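J.: A single structure is presented below for examination.
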Amino acid sequence: MELDPDILSEFLAESREGLEQMDVDLVALENGEDPGPIIQRIFRCIHTIKGTSGFMGLDKLERLTHIGENVLAKVRAGEMAVTESVVSAQLQLVDAVRTILDRVESEHSEGDDDYEVLRLRLEAIANGEAEPAAVSASEPEPEAPAAATEAPKPAPSPRPAPTPEKSPESSTEHRTSEATVRVDVGLLDRLMNLVGELVLARNQLLQLSNSSDRDLGQATQRLNLVTGELQEEVMRTRLQPIRHSWKQFPRVVRDLTHAVGKRARLVLDGEATELDRTLIEAIKDPLTHLIRNAVDHGLETPEDRAATGKDPEGTLVLRAYHEGGQVTIEVSDDGRGIAAERVKEKAVAQGAISAEEAEKLSPREALNLIFIPALSTADKVSSISGRGVGMDVVRSNIEKIGGAVEITSTPGKGTTCRIRIPLTLAIVPALIVTCGAERFAIPQVSLLELVRVDDSHKDVDEIEGVMFYRLRGRLLPLVSLKDTLEIEGPGVDLARSRVVVLQSNNQSFGLIVDEVHDTEEIVVKPLGAKLRGLDAFAGATIMGDGSVALILDAPGLAQRAGVSSRHPHAEARTDSEDIGDHNAVLHFEADGGLAMSVALGQVARLEEINPKVIERVRNGLVVQYRDSVLRLMELSGGAPNEIRDLTRFDAVEEPIPVLVCDTDTGPIGLVVEKIVDITLAHQFSGDAQTGLIRVDGNVVELIDLGATLGLRSAA
Amino acid sequence: MNHIFTFHVGNLSFGIDILCVQEIVRYQPMTRVPLAHSIVRGLINLRGQIVMALDMRKGLGLPPSEHEDQMINVMVYDEGETVSLLVDGIGDVLALDPDRFESTPATLRSGLKGLARSVCQTDDGLLLLLDAQSVSRFANTN
């Protein structure tokens, strides 16, 4: 079979699009929507495929679609009612046509399958006969996808009265074919590149036109405006309505509900919400998974629903909207909900967390345990879900594209899964920094704040070459960009540097750079395959002046610098690896100038408290602290005790240094005389947690707050 | 006849099939890539496309050029990407009979042997012939 490749690919693309629409339409038809325009559309689609396949010599396809068309013609003429069996048969036809099209594309032939079963079934329906008895569930239909192999329904029974309310998805907003043109995606990408170049040329021209020539000035101004608009419009061509990834869902829900014997209505809201086409592709699988979960686990059987006074037909809502420069997509059901306690029990039973950890979790945190790999809350495994793979994959897929996912649920009322993803990955806001002679871009998503180091460096501590910054009492590891990237030049001069606080895998660190510039919207371009191994970079971008700047990758940098706790740097840094962990100790002077230490991990924050804000309560002193009450304690006899002398701070003017520890009963502030330093403890005597340690040749006592205070997460 | 584009690095002459060459561009300002291998000289903005430039002198163990800004970018296709070879100068396009291509002499320096697919004797001396995979090998083995 000799087919013109251009005509063939056009035919394939067009037919597939038509079939997608047919999926949606057939389900809408079955749901009792106004059949007039829908039948017309389905008919036209099948008719076009039939006509073109005849023209191209695809006989099997032509025969099959011809019979399907006969059935539709009768429905259109009002001679036949839209029954479930009609819709099922038509959906099978859609699948069969798809399979043939795939064959045609890959092998340039229609395959050996003759779809006899389906043909007979369609013919029987067209002739108004009951379906032939020979068609039984056991008869294999080798090529049809699993979703369509459900057993054919017995005799065509008229559907129970169609539901009167129309679902909110409106089928009238389909664009007419004349208003759109099919464009190759590669062409769009090239257009995007060219516009980028145009913008650069314009920028240069703008600088040159600052001379006195008025006409030139005006012309460049106009060019400036046009270029700006052109850039915006070309960017928009990359955006697509989310509808494209939703087309399959009405069908998915229909097939699933039939397979598990439930009833559900899918409500689509915000189909016109636009986002980058690469993201649309990326969220398809996670969304499908969530919908399957919602039908299989979320919704109850019609009997159960009726028993609890709910509408026997469940409602699934798929909603998308723009919010704060991001796109939010929600999948909600009005099913049985998830009991946080059950998730906890499961997680503990499967060893994912300990019983103590489970107890401390809020219901919301407990729910999000279902994202832990291999945790399934389904009591029985079905073919659709319940194997415990899935939610973790959903989360990792979403996180891969810079998004986040969370779940909320009210037992008995339903569950909502909320996905937040960026509008586009191609253009991101980024902070431009310099280091040595090089410029780098830092994506705003990993940026927390900017800090300027005080001239006196009083907030900076150095432990064996590793620096820490005391940021509002919290210890922030500092990483020099210059050293991490091995950029030549003079060493780091903190007084003339800036600290950019970055977030990576729930850990923050400060990146020392030479200068901080503006934020800019940058176009992310991948690095070539040969440079992809450099995990410190997330890509490259072209700056306004036409030069190339590298985009820094916060997790990669953290890993390289050895501050990432999850993947400690393999070698050469063994002595600094445990900073921030139990080997780092905080030295302070307790009452009476007694030198003492505590493991850094046991202290949540360091604070200085104004003595004037200390308030007295019946059995001690407290301070209002971050929406809660901080109980003050003193160290006497090597252990924390309640402060007895309530007048102790009455005459004090200076701020009082306090070590804040999080305990089960709220934060506790340990009043000390002076905070001295943080070092790495090399030699412990006795066990590692408590005892005596050597610091600068002196022995000091290391106290353990964990035992006496009941520390929360004494890590 | 094969059309071979020639260029030179130090006192060595190289040739590559003209169909592997995208274009020739004068020396461009480059952005250094920290942590990358030393033969990666930097990234060039080639009309919106970001191209990695490989320093041929470095790869061949030659000292840096005295006239750095006169070096020339030979943009070659390499596994779907464009890579720039920074060379000292460019020569001609020669029409050569493939029968004249000989296998590389076994005594060639190992760096060169990995780079050159075959050699060809011309009136001006020995021409080391590269192919598209040479560039990948060059970037990977160095």
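By order of appearance in the structure tokens: chains A, B, ..., then residues from 1 within every chain, and ligands from 1 in the order shown.
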Output as a PDB file with C-alpha atoms, in the first residue's frame the set of chain A residues within 6 Å of chain B, with distances taken over only C-alpha atoms.
T.:
ATOM      1  CA  ASN A 193      13.798  31.522  19.452  1.00  0.00           C
ATOM      2  CA  GLU A 197      16.656  37.206  19.035  1.00  0.00           C
ATOM      3  CA  LEU A 485      31.948  26.081  41.380  1.00  0.00           C
ATOM      4  CA  VAL A 548      24.680  33.285  27.951  1.00  0.00           C
TER       5      VAL A 548
END
J.: Let's see if you can do this: from backbone DSSP, list all helix (DSSP H, G or I) residues in chain B, as a list of chain:residue names.
T.: B:Ile18, B:Leu19, B:Cys20, B:Met56, B:Arg57, B:Lys58, B:Gly59, B:Glu68, B:Asp69, B:Gln70, B:Pro98, B:Asp99, B:Arg100, B:Ser110, B:Gly111, B:Leu112, B:Lys113, B:Gly114, B:Leu115, B:Ala132, B:Gln133, B:Ser134, B:Val135, B:Ser136, B:Arg137, B:Phe138, B:Ala139, B:Asn140, B:Thr141
J.: Could you write out that same residue set with N, CA and C atoms as a tab-separated table (two decimals), in the first residue's frame?
T.:
chain	number	residue	atom	x	y	z
B	18	ILE	N	31.70	18.10	4.48
B	18	ILE	CA	31.05	19.41	4.50
B	18	ILE	C	29.61	19.30	5.00
B	19	LEU	N	29.01	18.11	4.85
B	19	LEU	CA	27.61	17.96	5.26
B	19	LEU	C	27.49	17.93	6.79
B	20	CYS	N	28.61	17.73	7.49
B	20	CYS	CA	28.57	17.75	8.95
B	20	CYS	C	28.69	19.17	9.48
B	56	MET	N	39.89	22.94	20.61
B	56	MET	CA	40.65	21.89	19.93
B	56	MET	C	42.11	21.89	20.40
B	57	ARG	N	42.66	23.08	20.64
B	57	ARG	CA	44.06	23.16	21.06
B	57	ARG	C	44.25	22.41	22.37
B	58	LYS	N	43.33	22.68	23.29
B	58	LYS	CA	43.42	22.04	24.59
B	58	LYS	C	43.30	20.52	24.44
B	59	GLY	N	42.36	20.12	23.61
B	59	GLY	CA	42.11	18.70	23.43
B	59	GLY	C	43.31	17.99	22.81
B	68	GLU	N	43.98	34.57	20.49
B	68	GLU	CA	42.75	33.91	20.90
B	68	GLU	C	41.53	34.46	20.14
B	69	ASP	N	41.48	35.79	19.99
B	69	ASP	CA	40.29	36.38	19.37
B	69	ASP	C	40.26	36.16	17.87
B	70	GLN	N	41.30	35.51	17.33
B	70	GLN	CA	41.24	35.22	15.90
B	70	GLN	C	40.85	33.76	15.64
B	98	PRO	N	37.15	9.18	-2.28
B	98	PRO	CA	37.20	8.37	-1.06
B	98	PRO	C	38.24	7.26	-1.14
B	99	ASP	N	38.61	6.85	-2.37
B	99	ASP	CA	39.61	5.79	-2.50
B	99	ASP	C	40.97	6.22	-1.95
B	100	ARG	N	41.14	7.54	-1.86
B	100	ARG	CA	42.45	8.02	-1.39
B	100	ARG	C	42.53	8.04	0.13
B	110	SER	N	47.98	8.82	20.58
B	110	SER	CA	46.70	8.17	20.89
B	110	SER	C	45.54	9.18	20.83
B	111	GLY	N	45.76	10.41	21.28
B	111	GLY	CA	44.70	11.42	21.24
B	111	GLY	C	44.23	11.64	19.82
B	112	LEU	N	45.18	11.73	18.93
B	112	LEU	CA	44.83	11.98	17.53
B	112	LEU	C	44.17	10.77	16.91
B	113	LYS	N	44.65	9.60	17.32
B	113	LYS	CA	44.13	8.38	16.71
B	113	LYS	C	42.63	8.25	17.00
B	114	GLY	N	42.24	8.61	18.24
B	114	GLY	CA	40.83	8.53	18.59
B	114	GLY	C	40.01	9.53	17.81
B	115	LEU	N	40.63	10.64	17.45
B	115	LEU	CA	39.90	11.72	16.81
B	115	LEU	C	39.73	11.47	15.31
B	132	ALA	N	31.36	12.71	12.04
B	132	ALA	CA	30.46	13.29	13.04
B	132	ALA	C	30.70	12.67	14.41
B	133	GLN	N	31.01	11.36	14.44
B	133	GLN	CA	31.19	10.71	15.74
B	133	GLN	C	32.49	11.13	16.41
B	134	SER	N	33.46	11.61	15.58
B	134	SER	CA	34.73	12.03	16.17
B	134	SER	C	34.52	13.06	17.25
B	135	VAL	N	33.61	13.98	16.98
B	135	VAL	CA	33.40	15.09	17.90
B	135	VAL	C	32.89	14.55	19.23
B	136	SER	N	31.94	13.64	19.16
B	136	SER	CA	31.42	13.03	20.38
B	136	SER	C	32.53	12.32	21.12
B	137	ARG	N	33.32	11.56	20.38
B	137	ARG	CA	34.42	10.82	21.02
B	137	ARG	C	35.37	11.80	21.68
B	138	PHE	N	35.63	12.89	20.96
B	138	PHE	CA	36.54	13.91	21.45
B	138	PHE	C	36.03	14.48	22.76
B	139	ALA	N	34.74	14.79	22.78
B	139	ALA	CA	34.16	15.41	23.97
B	139	ALA	C	34.09	14.41	25.11
B	140	ASN	N	33.90	13.14	24.79
B	140	ASN	CA	33.71	12.16	25.86
B	140	ASN	C	35.01	11.63	26.42
B	141	THR	N	35.98	11.35	25.54
B	141	THR	CA	37.18	10.69	26.03
B	141	THR	C	38.13	11.68	26.68
J.: Assign secondary structure with DSSP using the backbone only, and return the residues of stretch 307-471 of chain A in strand (DSSP E) as a PyMOL selection string.
T.: chain A and resi 314-323+326-333+404-410+414-422+427-435+438-443+447-452+460-463+466-471
J.: Tell me which protein, DNA and RNA residues are within 12 Å of A:Asp311, counting only C-alpha atoms, leaving out same-chain ones fewer than 2 positions away, and put them as an mmCIF file with C-alpha atoms, in the first residue's frame.
T.:
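Contents of the output file part_22.cif:
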data_model
loop_
_atom_site.group_PDB
_atom_site.id
_atom_site.type_symbol
_atom_site.label_atom_id
_atom_site.label_comp_id
_atom_site.auth_asym_id
_atom_site.auth_seq_id
_atom_site.Cartn_x
_atom_site.Cartn_y
_atom_site.Cartn_z
ATOM 1 C CA LYS A 262 -20.855 2.393 40.620
ATOM 2 C CA ARG A 263 -22.553 5.446 39.270
ATOM 3 C CA ALA A 264 -20.828 8.771 38.859
ATOM 4 C CA ARG A 265 -21.205 12.039 37.091
ATOM 5 C CA LEU A 299 -17.087 6.720 45.736
ATOM 6 C CA GLU A 300 -19.350 4.234 47.473
ATOM 7 C CA THR A 301 -21.631 1.815 45.706
ATOM 8 C CA PRO A 302 -25.072 3.217 44.842
ATOM 9 C CA GLU A 303 -26.615 1.075 47.602
ATOM 10 C CA ASP A 304 -24.215 2.357 50.235
ATOM 11 C CA ARG A 305 -24.777 5.912 49.111
ATOM 12 C CA ALA A 306 -28.517 5.550 49.244
ATOM 13 C CA ALA A 307 -28.222 4.037 52.721
ATOM 14 C CA THR A 308 -26.411 7.121 53.993
ATOM 15 C CA GLY A 309 -28.923 9.453 52.372
ATOM 16 C CA GLU A 313 -25.007 8.818 41.672
ATOM 17 C CA GLY A 314 -21.688 10.188 42.909
ATOM 18 C CA THR A 315 -20.191 13.417 41.671
ATOM 19 C CA ASP A 334 -18.282 13.325 47.265
ATOM 20 C CA GLY A 335 -17.521 9.805 48.385
#
J.: May I have the residues within 7 Å of B:Cys120 as a PyMOL selection string, using only C-alpha atoms and disregarding those fewer than 4 positions away in the same chain?
T.: chain B and resi 100-102+126-128
J.: Could you save those same residues with N, CA, C and O atoms as a short mmCIF file (atom, residue, chain, number, x, y, z; two decimals), in the first residue's frame?
T.:
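Output file part_17.cif is given in full below:
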data_model
loop_
_atom_site.label_atom_id
_atom_site.label_comp_id
_atom_site.auth_asym_id
_atom_site.auth_seq_id
_atom_site.Cartn_x
_atom_site.Cartn_y
_atom_site.Cartn_z
N ARG B 100 41.14 7.54 -1.86
CA ARG B 100 42.45 8.02 -1.39
C ARG B 100 42.53 8.04 0.13
O ARG B 100 43.57 8.32 0.69
N PHE B 101 41.38 7.79 0.80
CA PHE B 101 41.40 7.79 2.27
C PHE B 101 42.10 6.52 2.76
O PHE B 101 41.80 5.43 2.30
N GLU B 102 43.00 6.69 3.70
CA GLU B 102 43.70 5.53 4.25
C GLU B 102 43.41 5.47 5.75
O GLU B 102 43.07 6.48 6.36
N LEU B 126 49.56 15.91 4.97
CA LEU B 126 48.61 14.90 5.46
C LEU B 126 47.37 15.58 6.04
O LEU B 126 47.45 16.52 6.81
N LEU B 127 46.20 15.09 5.66
CA LEU B 127 44.94 15.63 6.16
C LEU B 127 44.32 14.58 7.08
O LEU B 127 44.14 13.42 6.69
N LEU B 128 44.01 14.99 8.31
CA LEU B 128 43.36 14.07 9.26
C LEU B 128 41.86 14.23 9.10
O LEU B 128 41.33 15.33 9.27
#
